[in-house]
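Step one of this worksheet: look at the structure below.
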Amino acid sequence: MSKRPDPRSRAVQNRRISRIPAFTPVPLRPRADGWAPVRQAEFLGFLAQTRCVSTAATLVGMSRESAYRLRGKAGAEEFAAVWDAILGVPESRQPKVTLESLFQRIKQGRYRPILRGGRYVGTVQKPDNHALLALLGRLDRLLPPEEDWGEKPEGHRKQKPASV
């Protein structure tokens with residue numbers, strides 16, 4: 001098992017990250033003072049800029065403790081994976097993708113914090129087309145094999161013109 005580098009080490013602090021991976025926000029009930037999807041993306045952007053969880057949390061108006069609680073919630077696997085990627089932690093195993101998580105990803109979309117010159121400048125939200133295609137593939141496999149949806153109904157065949 002690989003050992004996690006200390007995020008306060010000089011090597012990690014000096015490492016510049018040029019691109020933050022897109023992620024699906026942690027599903028939470030909406031609150032004005034809570035971890036909204038944009039706030040989660042801003043936190044990750046400031047984390048990439050400062051390399052300090054406390055400072056990044058403060059910059060988005062949250063506490064360090066609440067950031068760690070968010071990281072530990074169910075559905076926070078992608079958020080935690082991006083957090084780890086920013087701090088240089090080796091990648092861990094990908095979580096199992098369930099139908100529920102695919103629906104969540106389609107509903108919320110993907111957020112990607114943008115860095116320019118090592119500074120956080122904003123967040124881009126895009127629909128998660130990959131999750132939509134994965135869900136369609138799974139639903140397609142659920143159809144019974146005897147039903148062929150590609151055949152046309154009887155009344156739609158071309159008829160030959162009548163000979164005169």
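Each chain in the structure tokens gets a letter, A, B, ..., in the order shown, and its residues are numbered from 1; ligands are numbered from 1 in order too.
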Could you make a table, as a tab-separated table, of the residues of region 22-94 of chain A that have an atom within 7 Å of an atom of region 98-115 of chain A, each with its nearest atom pair and distance in Å to one decimal, counting only C-alpha atoms, in chain and number order?
residue	atom	partner	partner_atom	distance
A:Ala22	CA	A:Arg112	CA	4.3
A:Phe23	CA	A:Arg110	CA	5.3
A:Thr24	CA	A:Arg110	CA	4.8
A:Ala41	CA	A:Pro113	CA	5.6
A:Glu42	CA	A:Pro113	CA	6.6
A:Leu44	CA	A:Pro113	CA	6.9
A:Gly45	CA	A:Pro113	CA	5.2
Which residues are close to region 68-71 of chain A, i.e. within 10 Å by only C-alpha atoms, leaving aside same-chain residues fewer than 6 positions away? Reply as a ChimeraX atom specification. /A:26-28,35,40,53,57,77-81,83
Among region 97-135 of chain A, which residues carry a DSSP assignment of strand (DSSP E), reported as a list in words?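 Across region 97-135 of chain A, those assigned strand (DSSP E) are Arg110, Tyr111, Arg112, Pro113, Ile114, Leu115, Arg116, Arg119, Tyr120, Val121, Gly122, Thr123, Val124, Gln125 and Lys126 of chain A.
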When you look at region 59-62 of chain A with a cut-off of 9 Å (counting only C-alpha atoms), what residues show up, excluding the ones that are within fewer than 4 positions of it in the same chain? I need them as an mmCIF file with N, CA and C atoms, in the first residue's frame.
data_model
loop_
_atom_site.group_PDB
_atom_site.id
_atom_site.type_symbol
_atom_site.label_atom_id
_atom_site.label_comp_id
_atom_site.auth_asym_id
_atom_site.auth_seq_id
_atom_site.Cartn_x
_atom_site.Cartn_y
_atom_site.Cartn_z
ATOM 1 N N ASP A 33 -26.548 28.297 3.391
ATOM 2 C CA ASP A 33 -25.249 28.329 4.072
ATOM 3 C C ASP A 33 -24.526 26.980 4.018
ATOM 4 N N GLY A 34 -24.924 26.118 3.078
ATOM 5 C CA GLY A 34 -24.344 24.777 3.012
ATOM 6 C C GLY A 34 -23.383 24.608 1.858
ATOM 7 N N TRP A 35 -23.018 23.361 1.626
ATOM 8 C CA TRP A 35 -22.059 23.008 0.590
ATOM 9 C C TRP A 35 -22.778 22.825 -0.745
ATOM 10 N N ARG A 39 -20.114 25.804 -4.477
ATOM 11 C CA ARG A 39 -19.211 25.998 -3.340
ATOM 12 C C ARG A 39 -18.223 24.840 -3.231
ATOM 13 N N GLN A 40 -18.675 23.623 -3.529
ATOM 14 C CA GLN A 40 -17.769 22.476 -3.520
ATOM 15 C C GLN A 40 -16.680 22.653 -4.574
ATOM 16 N N GLU A 42 -15.670 25.538 -5.890
ATOM 17 C CA GLU A 42 -14.806 26.646 -5.468
ATOM 18 C C GLU A 42 -13.805 26.184 -4.421
ATOM 19 N N PHE A 43 -14.265 25.361 -3.480
ATOM 20 C CA PHE A 43 -13.363 24.831 -2.464
ATOM 21 C C PHE A 43 -12.202 24.081 -3.112
ATOM 22 N N PHE A 46 -9.805 26.540 -4.784
ATOM 23 C CA PHE A 46 -8.942 27.213 -3.807
ATOM 24 C C PHE A 46 -7.973 26.232 -3.149
ATOM 25 N N SER A 54 -7.724 24.276 5.399
ATOM 26 C CA SER A 54 -8.277 25.341 6.242
ATOM 27 C C SER A 54 -8.458 26.634 5.465
ATOM 28 N N THR A 55 -7.440 27.028 4.706
ATOM 29 C CA THR A 55 -7.515 28.269 3.944
ATOM 30 C C THR A 55 -8.572 28.178 2.853
ATOM 31 N N SER A 66 -16.101 21.042 8.515
ATOM 32 C CA SER A 66 -17.239 20.732 7.649
ATOM 33 C C SER A 66 -16.757 20.195 6.304
ATOM 34 N N ALA A 67 -15.586 20.635 5.850
ATOM 35 C CA ALA A 67 -15.022 20.113 4.602
ATOM 36 C C ALA A 67 -14.704 18.627 4.764
#
